[in-house]
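Student: Have a look at this one before I ask anything.
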Amino acid sequence: MGQEAVALGLLSEEAYERNRGSYLNRSYARHEESHTGLGRWVSQQLTSRRRRIMGDQFKGRGMFLKIDRSRLLQDLAPSVRRAQSLSPGGKILLLEKTSNDGGKVVDRAWWPAERLLPEKLRAYDNRGEWQIRAVDGDQITIWRDYTKPERERMGEITDARYSIAKTYLMMAHDLAVGRFYRDIAGNDQWSREAEPSERWVDAADYNRFWSDESVEWVKVPDTTIPNSGGKSRWGALAGRFVRSEIWRDLNEIEALNRRGLWQTLLSQWKLNKTARNPVVHMNNIMSNMVLMDMADVRFTDLAAAAKSYLRKDDLWSQANRHGAFGVDMVSAEMRRDVLQPVLDEIAKQTPISVRNGGTLLAKMQAVLTIMSRKLEPLKRADQKMMAAYQLEDEVFRLALFKRRLDQGVEPIDAANEAREQFIDYDIRAPWVNAARRTVLPFVSYTYRAAPIIAKTVAGKPWKLAKYFAIAYGLNALAYAMLGDEGDEDKERGSLREQERGYAWIGVPRLLRLPFNRGENPVFLDIRRWIPGADVFDLNQGQSAIPIPAPLMPGGPITMAGEILLNKKMFDGKEIVNDKTDTPWESTGKVADYLWKSLAPSAPWIPGSWYWNKIGLAGKGAFGGDQAYDSAGNPLSLPEAVLQSTGVKVGARDVDFGYAMQHYALRSTDRELQMQERRLKRDAQAGRISGDTFEREMDGIAEKRRRLDEKADKISRTQSGQQ
């Protein structure tokens, strides 16, 4: 690896020879651990998606100082000073004189190591030998390494397992990126050293959002890695001209991996809504089943893939080698299975004072670390859920990879298809990335799913016919088994608007199950089991104009807006009632809203949606009153538990559903009556003309006519008439 780093220009021959056979990256506990002791640094700094030469292992470690030549030689006699040679490799001693109490430094001197100390400096304390690294005119760069006692006080990690594994990961990453840049630099169609005749701009002037099509080339910056002897972060591309579309991609990946506080918070919010939510796990598996069928993958392929994934056999290795999983699985597993356990072990054995130092912030870290240890069982469960979320996609990708190999497809093509079919989130489109990092956190799913859906509809229309036939058959079978107890038109007519109709594949959003609970029909909601089910769904939210569900704003920014406006976008309800709620009640409602919006919707999270739903159903099941969900439908304990796992089974109160529809119609009619009265007052006061009054009144009359038709249709459906 060291030799390849020299060949790629990432490391000098001199540095390689000086460290040959003895170099390992140094790690310090205070830097490796996050505030909670979970090794956030490891997961962020070594992320496989980062596509820039980090170069941390190529930096000169220890202390570097730039000092004027005159300062280094000021204690020498003038004649000796003029003759003294300062060249790279020379040794300089740092000498210090402290006060009588041994505390404050009162004088400091630098002295060439090869010369005898004069009498006046022999009483000074020797603070170590520094080496001259570079000479630039009168500026001398000197360096010395930290001593072992210094490193021990700083909390150096000396565990060989951790140091070797981390050094390997860091160098493997940078060498891979270095090769990538070298390959681009070696292609005359992609990169060139001479200034091109076509229009070009400096990288700093290139806007990845508003790219000018007339710009064909971009000049790559010659940014260096600090304390690396001038090594460039852009490797072989540094200072060269690359095609604008290539720089756009490189720049986009770089921007994605500049993780600030906001990105960290948003990532945690997304994890709470996905990997930490058991409902999403079920939706993901069922959706992948449909995507699997769209790609003509068999269940036997899925079973074989599951075995291969668990065994990590040749099939898995081949898929991983060709990038079927879309991430650097070897690095990811090494971080999870090697680095993190060692880091946790070291954290338990290393005194907190050594790891964190004595600053106020460090003491706060120490307190948080102690608290974190008490939560170890929860953290392990959390890691299991996130690992399961990753596995759910990768097993399906492996199944498709196996299927394509059996069909004679080249491994690299099979891997590419496997990654794309099961939603590849490695997106380079700047506007999509900007949207998912702000108000549309989940738009990337739709961005990837929509083309897959379109391809299936265009190329395999028989798939839609099959899904429709299956769903229609199951639904018809349920009503056939119910006999006279089931009236499909009446039951479906009572459903809320967002529950009626069909998904894009032609199946009902809610499938009838062949039994009732009391007099109430029971349905299975399959909307989230269909890939991209919300792509064409305009019934979500309370926007002024119909907006597809994927384009409905969400995330922490939207939460802040909802609190400011005191209205939830999903159902249009107020968060607090400013007419009746006391300040204490308002505070409690806002806190409840924030907690439910931020926390995972898991049944084991106190105060979450499903925690409350199961608790409410449990009270009804053990002697309490009948429980009802937020939509007014009766709720049983088994249904609440199933819903918390993603199986959305629930009874629907038909009479209550129709009552709510009639109530909504009456409310609309009252609003139209108020508009009529307002128009009459305006006409009498002369604020509107007679023509305007007649035109507006005719419009209201037409609306009321359509409202009466709708009410009549609802009444006929409710009574069982056609």
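By convention here, the chains of the structure tokens are called A, B, ... in the order presented, each chain's residues are numbered starting at 1, and ligands are numbered starting at 1 in the order presented.
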To test your reading of the structure, identify every residue in region 119-290 of chain A that backbone DSSP assigns to strand (DSSP E), and report it as a PyMOL selection string.
Tutor: chain A and resi 125-136+139-144+156-157+191-192+200-202+217-219+241-243
Student: Taking only C-alpha atoms into account, name the residue in A:His662, A:Arg716, A:Arg437, A:Lys66 that is nearest to Trp269 (chain A).
Tutor: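 Checking each candidate against Trp269 (chain A), we get A:Arg437 as the closest.
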Student: Residues near Pro606 (chain A), anyone? I mean within 12 Å using only C-alpha atoms, not counting same-chain ones fewer than 5 positions away, as a ChimeraX atom specification.
Tutor: /A:592,595-596,599-601,611-615
Student: Rounded to one decimal in Å, what is the spacing between CA of Tyr445 (chain A) and CA of Pro556 (chain A)?
Tutor: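 Pair CA of Tyr445 (chain A) / CA of Pro556 (chain A) returns 18.4 Å.
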Student: Taking only region 120-316 of chain A into account, list the residues labelled alpha helix (DSSP H) by DSSP (computed from the backbone), as a PyMOL selection string.
Tutor: chain A and resi 148-153+160-185+244-256+261-273+278-294+299-311+314-316
Student: With a distance cut-off of 7 Å and only C-alpha atoms, select the neighbouring residues of region 464-473 of chain A, excluding the residue or stretch itself and same-chain residues fewer than 4 positions from it, and output the selection as a ChimeraX atom specification.
Tutor: /A:477,505-507
Student: Output all heavy atoms for every residue in that selection, as a short mmCIF file (atom, residue, chain, number, x, y, z; two decimals), in the first residue's frame.
Tutor:
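The resulting file, out-v6.cif, is reproduced below:
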data_model
loop_
_atom_site.label_atom_id
_atom_site.label_comp_id
_atom_site.auth_asym_id
_atom_site.auth_seq_id
_atom_site.Cartn_x
_atom_site.Cartn_y
_atom_site.Cartn_z
N LEU A 477 -63.07 -13.32 -3.35
CA LEU A 477 -63.17 -14.51 -2.51
C LEU A 477 -63.64 -14.15 -1.11
O LEU A 477 -64.47 -14.86 -0.51
CB LEU A 477 -61.82 -15.22 -2.45
CG LEU A 477 -61.76 -16.49 -1.59
CD1 LEU A 477 -62.72 -17.56 -2.13
CD2 LEU A 477 -60.33 -17.03 -1.54
N ILE A 505 -51.08 0.07 -9.51
CA ILE A 505 -51.03 -1.23 -10.18
C ILE A 505 -52.43 -1.81 -10.39
O ILE A 505 -52.57 -2.94 -10.87
CB ILE A 505 -50.16 -2.24 -9.41
CG1 ILE A 505 -50.70 -2.47 -8.00
CG2 ILE A 505 -48.72 -1.80 -9.37
CD1 ILE A 505 -49.94 -3.53 -7.23
N GLY A 506 -53.46 -1.03 -10.06
CA GLY A 506 -54.83 -1.45 -10.35
C GLY A 506 -55.51 -2.21 -9.24
O GLY A 506 -56.64 -2.68 -9.43
N VAL A 507 -54.88 -2.36 -8.08
CA VAL A 507 -55.49 -3.11 -6.98
C VAL A 507 -56.11 -2.12 -6.00
O VAL A 507 -55.65 -0.98 -5.87
CB VAL A 507 -54.46 -4.00 -6.27
CG1 VAL A 507 -53.81 -4.94 -7.26
CG2 VAL A 507 -53.39 -3.16 -5.57
#
Student: Counting only C-alpha atoms, what is within 9 Å of Asn284 (chain A), bar same-chain residues fewer than 3 positions away, as a ChimeraX atom specification?
Tutor: /A:279-281,287-289,389,392-393,528-529,531
Student: Fewer than 5 positions away in the same chain doesn't count, so skip those; otherwise give me all residues within 12 Å of Gln421 (chain A), counting only C-alpha atoms, as a PDB file with N, CA, C and O atoms, in the first residue's frame.
Tutor:
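Done, and the output landed in around25.pdb:
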ATOM      1  N   SER A 287     -42.640  -4.397  -0.301  1.00  0.00           N
ATOM      2  CA  SER A 287     -42.373  -3.643  -1.529  1.00  0.00           C
ATOM      3  C   SER A 287     -41.282  -4.314  -2.352  1.00  0.00           C
ATOM      4  O   SER A 287     -41.372  -4.393  -3.585  1.00  0.00           O
ATOM      5  N   ASN A 288     -40.256  -4.823  -1.673  1.00  0.00           N
ATOM      6  CA  ASN A 288     -39.183  -5.527  -2.381  1.00  0.00           C
ATOM      7  C   ASN A 288     -39.686  -6.813  -3.023  1.00  0.00           C
ATOM      8  O   ASN A 288     -39.152  -7.252  -4.058  1.00  0.00           O
ATOM      9  N   MET A 289     -40.696  -7.422  -2.418  1.00  0.00           N
ATOM     10  CA  MET A 289     -41.287  -8.613  -3.036  1.00  0.00           C
ATOM     11  C   MET A 289     -41.877  -8.277  -4.411  1.00  0.00           C
ATOM     12  O   MET A 289     -41.713  -9.028  -5.381  1.00  0.00           O
ATOM     13  N   VAL A 290     -42.544  -7.134  -4.494  1.00  0.00           N
ATOM     14  CA  VAL A 290     -43.132  -6.720  -5.775  1.00  0.00           C
ATOM     15  C   VAL A 290     -42.029  -6.361  -6.771  1.00  0.00           C
ATOM     16  O   VAL A 290     -42.078  -6.744  -7.939  1.00  0.00           O
ATOM     17  N   LEU A 291     -41.010  -5.609  -6.294  1.00  0.00           N
ATOM     18  CA  LEU A 291     -39.890  -5.266  -7.173  1.00  0.00           C
ATOM     19  C   LEU A 291     -39.180  -6.521  -7.665  1.00  0.00           C
ATOM     20  O   LEU A 291     -38.720  -6.584  -8.813  1.00  0.00           O
ATOM     21  N   MET A 292     -39.094  -7.518  -6.805  1.00  0.00           N
ATOM     22  CA  MET A 292     -38.473  -8.788  -7.175  1.00  0.00           C
ATOM     23  C   MET A 292     -39.266  -9.457  -8.296  1.00  0.00           C
ATOM     24  O   MET A 292     -38.690  -9.951  -9.274  1.00  0.00           O
ATOM     25  N   ASP A 293     -40.586  -9.449  -8.159  1.00  0.00           N
ATOM     26  CA  ASP A 293     -41.413 -10.065  -9.192  1.00  0.00           C
ATOM     27  C   ASP A 293     -41.330  -9.282 -10.501  1.00  0.00           C
ATOM     28  O   ASP A 293     -41.343  -9.869 -11.582  1.00  0.00           O
ATOM     29  N   MET A 294     -41.251  -7.966 -10.419  1.00  0.00           N
ATOM     30  CA  MET A 294     -41.112  -7.149 -11.626  1.00  0.00           C
ATOM     31  C   MET A 294     -39.860  -7.523 -12.412  1.00  0.00           C
ATOM     32  O   MET A 294     -39.823  -7.405 -13.637  1.00  0.00           O
ATOM     33  N   ALA A 295     -38.830  -7.956 -11.691  1.00  0.00           N
ATOM     34  CA  ALA A 295     -37.570  -8.334 -12.337  1.00  0.00           C
ATOM     35  C   ALA A 295     -37.510  -9.823 -12.657  1.00  0.00           C
ATOM     36  O   ALA A 295     -36.453 -10.339 -13.041  1.00  0.00           O
ATOM     37  N   ASP A 296     -38.634 -10.543 -12.465  1.00  0.00           N
ATOM     38  CA  ASP A 296     -38.716 -11.979 -12.779  1.00  0.00           C
ATOM     39  C   ASP A 296     -37.762 -12.819 -11.941  1.00  0.00           C
ATOM     40  O   ASP A 296     -37.192 -13.805 -12.415  1.00  0.00           O
ATOM     41  N   VAL A 297     -37.593 -12.425 -10.682  1.00  0.00           N
ATOM     42  CA  VAL A 297     -36.785 -13.216  -9.750  1.00  0.00           C
ATOM     43  C   VAL A 297     -37.709 -14.184  -9.021  1.00  0.00           C
ATOM     44  O   VAL A 297     -38.811 -13.811  -8.596  1.00  0.00           O
ATOM     45  N   ALA A 324     -22.753  -5.033  -6.221  1.00  0.00           N
ATOM     46  CA  ALA A 324     -24.198  -5.255  -6.248  1.00  0.00           C
ATOM     47  C   ALA A 324     -24.906  -4.597  -5.075  1.00  0.00           C
ATOM     48  O   ALA A 324     -26.084  -4.240  -5.175  1.00  0.00           O
ATOM     49  N   PHE A 325     -24.196  -4.436  -3.957  1.00  0.00           N
ATOM     50  CA  PHE A 325     -24.833  -3.890  -2.764  1.00  0.00           C
ATOM     51  C   PHE A 325     -24.775  -2.366  -2.716  1.00  0.00           C
ATOM     52  O   PHE A 325     -25.331  -1.760  -1.809  1.00  0.00           O
ATOM     53  N   GLY A 326     -24.054  -1.765  -3.651  1.00  0.00           N
ATOM     54  CA  GLY A 326     -24.067  -0.324  -3.741  1.00  0.00           C
ATOM     55  C   GLY A 326     -23.215   0.394  -2.727  1.00  0.00           C
ATOM     56  O   GLY A 326     -23.150   1.611  -2.715  1.00  0.00           O
ATOM     57  N   ASP A 393     -32.660  -5.069   1.969  1.00  0.00           N
ATOM     58  CA  ASP A 393     -32.424  -4.717   0.570  1.00  0.00           C
ATOM     59  C   ASP A 393     -31.362  -5.614  -0.055  1.00  0.00           C
ATOM     60  O   ASP A 393     -31.482  -6.026  -1.218  1.00  0.00           O
ATOM     61  N   GLU A 394     -30.325  -5.905   0.705  1.00  0.00           N
ATOM     62  CA  GLU A 394     -29.176  -6.593   0.114  1.00  0.00           C
ATOM     63  C   GLU A 394     -29.470  -8.048  -0.224  1.00  0.00           C
ATOM     64  O   GLU A 394     -28.934  -8.582  -1.201  1.00  0.00           O
ATOM     65  N   PHE A 396     -32.344  -9.152  -1.319  1.00  0.00           N
ATOM     66  CA  PHE A 396     -33.083  -9.092  -2.585  1.00  0.00           C
ATOM     67  C   PHE A 396     -32.144  -8.763  -3.746  1.00  0.00           C
ATOM     68  O   PHE A 396     -32.301  -9.290  -4.853  1.00  0.00           O
ATOM     69  N   ARG A 397     -31.184  -7.884  -3.518  1.00  0.00           N
ATOM     70  CA  ARG A 397     -30.210  -7.576  -4.570  1.00  0.00           C
ATOM     71  C   ARG A 397     -29.394  -8.814  -4.929  1.00  0.00           C
ATOM     72  O   ARG A 397     -29.112  -9.061  -6.103  1.00  0.00           O
ATOM     73  N   LEU A 398     -29.029  -9.569  -3.911  1.00  0.00           N
ATOM     74  CA  LEU A 398     -28.263 -10.786  -4.163  1.00  0.00           C
ATOM     75  C   LEU A 398     -29.100 -11.799  -4.940  1.00  0.00           C
ATOM     76  O   LEU A 398     -28.579 -12.521  -5.806  1.00  0.00           O
ATOM     77  N   ALA A 399     -30.401 -11.867  -4.654  1.00  0.00           N
ATOM     78  CA  ALA A 399     -31.289 -12.787  -5.389  1.00  0.00           C
ATOM     79  C   ALA A 399     -31.350 -12.407  -6.871  1.00  0.00           C
ATOM     80  O   ALA A 399     -31.289 -13.281  -7.747  1.00  0.00           O
ATOM     81  N   LEU A 400     -31.473 -11.120  -7.162  1.00  0.00           N
ATOM     82  CA  LEU A 400     -31.500 -10.684  -8.556  1.00  0.00           C
ATOM     83  C   LEU A 400     -30.151 -10.929  -9.230  1.00  0.00           C
ATOM     84  O   LEU A 400     -30.097 -11.348 -10.395  1.00  0.00           O
ATOM     85  N   PHE A 401     -29.074 -10.698  -8.501  1.00  0.00           N
ATOM     86  CA  PHE A 401     -27.737 -10.960  -9.045  1.00  0.00           C
ATOM     87  C   PHE A 401     -27.599 -12.431  -9.426  1.00  0.00           C
ATOM     88  O   PHE A 401     -27.113 -12.766 -10.522  1.00  0.00           O
ATOM     89  N   ALA A 414     -25.073  -7.634 -14.071  1.00  0.00           N
ATOM     90  CA  ALA A 414     -26.018  -8.166 -13.085  1.00  0.00           C
ATOM     91  C   ALA A 414     -25.970  -7.354 -11.797  1.00  0.00           C
ATOM     92  O   ALA A 414     -27.010  -7.069 -11.182  1.00  0.00           O
ATOM     93  N   ALA A 415     -24.766  -6.957 -11.386  1.00  0.00           N
ATOM     94  CA  ALA A 415     -24.617  -6.162 -10.164  1.00  0.00           C
ATOM     95  C   ALA A 415     -25.249  -4.789 -10.323  1.00  0.00           C
ATOM     96  O   ALA A 415     -25.929  -4.297  -9.408  1.00  0.00           O
ATOM     97  N   ASN A 416     -25.047  -4.171 -11.484  1.00  0.00           N
ATOM     98  CA  ASN A 416     -25.636  -2.853 -11.718  1.00  0.00           C
ATOM     99  C   ASN A 416     -27.156  -2.906 -11.672  1.00  0.00           C
ATOM    100  O   ASN A 416     -27.813  -2.047 -11.070  1.00  0.00           O
ATOM    101  N   TYR A 445     -36.567   8.345  -2.731  1.00  0.00           N
ATOM    102  CA  TYR A 445     -37.228   7.067  -3.019  1.00  0.00           C
ATOM    103  C   TYR A 445     -38.078   7.189  -4.279  1.00  0.00           C
ATOM    104  O   TYR A 445     -38.003   6.346  -5.189  1.00  0.00           O
ATOM    105  N   ARG A 448     -36.071   7.459  -7.515  1.00  0.00           N
ATOM    106  CA  ARG A 448     -35.564   6.185  -8.021  1.00  0.00           C
ATOM    107  C   ARG A 448     -36.684   5.211  -8.396  1.00  0.00           C
ATOM    108  O   ARG A 448     -36.548   4.430  -9.335  1.00  0.00           O
ATOM    109  N   ALA A 449     -37.795   5.233  -7.656  1.00  0.00           N
ATOM    110  CA  ALA A 449     -38.859   4.245  -7.890  1.00  0.00           C
ATOM    111  C   ALA A 449     -39.654   4.549  -9.151  1.00  0.00           C
ATOM    112  O   ALA A 449     -40.074   3.631  -9.860  1.00  0.00           O
ATOM    113  N   ALA A 450     -39.867   5.827  -9.455  1.00  0.00           N
ATOM    114  CA  ALA A 450     -40.703   6.191 -10.606  1.00  0.00           C
ATOM    115  C   ALA A 450     -40.181   5.601 -11.917  1.00  0.00           C
ATOM    116  O   ALA A 450     -40.970   5.041 -12.700  1.00  0.00           O
ATOM    117  N   PRO A 451     -38.873   5.683 -12.218  1.00  0.00           N
ATOM    118  CA  PRO A 451     -38.393   5.064 -13.464  1.00  0.00           C
ATOM    119  C   PRO A 451     -38.575   3.550 -13.491  1.00  0.00           C
ATOM    120  O   PRO A 451     -38.842   2.972 -14.553  1.00  0.00           O
ATOM    121  N   ILE A 452     -38.420   2.895 -12.338  1.00  0.00           N
ATOM    122  CA  ILE A 452     -38.611   1.443 -12.281  1.00  0.00           C
ATOM    123  C   ILE A 452     -40.064   1.101 -12.601  1.00  0.00           C
ATOM    124  O   ILE A 452     -40.355   0.168 -13.363  1.00  0.00           O
ATOM    125  N   ILE A 453     -40.995   1.873 -12.029  1.00  0.00           N
ATOM    126  CA  ILE A 453     -42.415   1.656 -12.295  1.00  0.00           C
ATOM    127  C   ILE A 453     -42.733   1.875 -13.769  1.00  0.00           C
ATOM    128  O   ILE A 453     -43.411   1.064 -14.419  1.00  0.00           O
ATOM    129  N   LYS A 455     -40.762   1.718 -16.317  1.00  0.00           N
ATOM    130  CA  LYS A 455     -40.157   0.668 -17.136  1.00  0.00           C
ATOM    131  C   LYS A 455     -40.995  -0.602 -17.117  1.00  0.00           C
ATOM    132  O   LYS A 455     -41.176  -1.270 -18.148  1.00  0.00           O
ATOM    133  N   THR A 456     -41.534  -0.939 -15.949  1.00  0.00           N
ATOM    134  CA  THR A 456     -42.368  -2.142 -15.843  1.00  0.00           C
ATOM    135  C   THR A 456     -43.680  -1.970 -16.595  1.00  0.00           C
ATOM    136  O   THR A 456     -44.124  -2.873 -17.311  1.00  0.00           O
ATOM    137  N   PRO A 531     -44.537  -0.740  -4.335  1.00  0.00           N
ATOM    138  CA  PRO A 531     -43.467   0.229  -4.625  1.00  0.00           C
ATOM    139  C   PRO A 531     -44.026   1.511  -5.238  1.00  0.00           C
ATOM    140  O   PRO A 531     -44.814   1.466  -6.171  1.00  0.00           O
TER     141      PRO A 531
END
Student: Which residues, written as a VMD selection string, have at least one atom at most 10 Å from Arg704 (chain A), with only C-alpha atoms counted and residues fewer than 2 positions away on the same chain left out?
Tutor: chain A and resid 665 668 to 669 672 to 673 698 to 702 706 to 710
Student: Could the residues in this selection be written to a file with C-alpha atoms, as a PDB file, in the first residue's frame?
Tutor:
ATOM      1  CA  LEU A 665     -71.458  17.917   3.482  1.00  0.00           C
ATOM      2  CA  THR A 668     -69.822  22.705   3.340  1.00  0.00           C
ATOM      3  CA  ASP A 669     -73.450  23.684   2.912  1.00  0.00           C
ATOM      4  CA  LEU A 672     -72.016  28.221   1.168  1.00  0.00           C
ATOM      5  CA  GLN A 673     -74.956  29.737   3.066  1.00  0.00           C
ATOM      6  CA  ASP A 698     -75.213  31.463  -9.710  1.00  0.00           C
ATOM      7  CA  GLY A 699     -71.835  29.913  -8.847  1.00  0.00           C
ATOM      8  CA  ILE A 700     -72.951  29.156  -5.301  1.00  0.00           C
ATOM      9  CA  ALA A 701     -76.216  27.677  -6.561  1.00  0.00           C
ATOM     10  CA  GLU A 702     -74.279  25.348  -8.870  1.00  0.00           C
ATOM     11  CA  ARG A 706     -73.535  19.363  -6.962  1.00  0.00           C
ATOM     12  CA  LEU A 707     -73.460  19.048  -3.177  1.00  0.00           C
ATOM     13  CA  ASP A 708     -77.056  17.788  -3.193  1.00  0.00           C
ATOM     14  CA  GLU A 709     -76.164  15.260  -5.889  1.00  0.00           C
ATOM     15  CA  LYS A 710     -73.238  14.032  -3.838  1.00  0.00           C
TER      16      LYS A 710
END
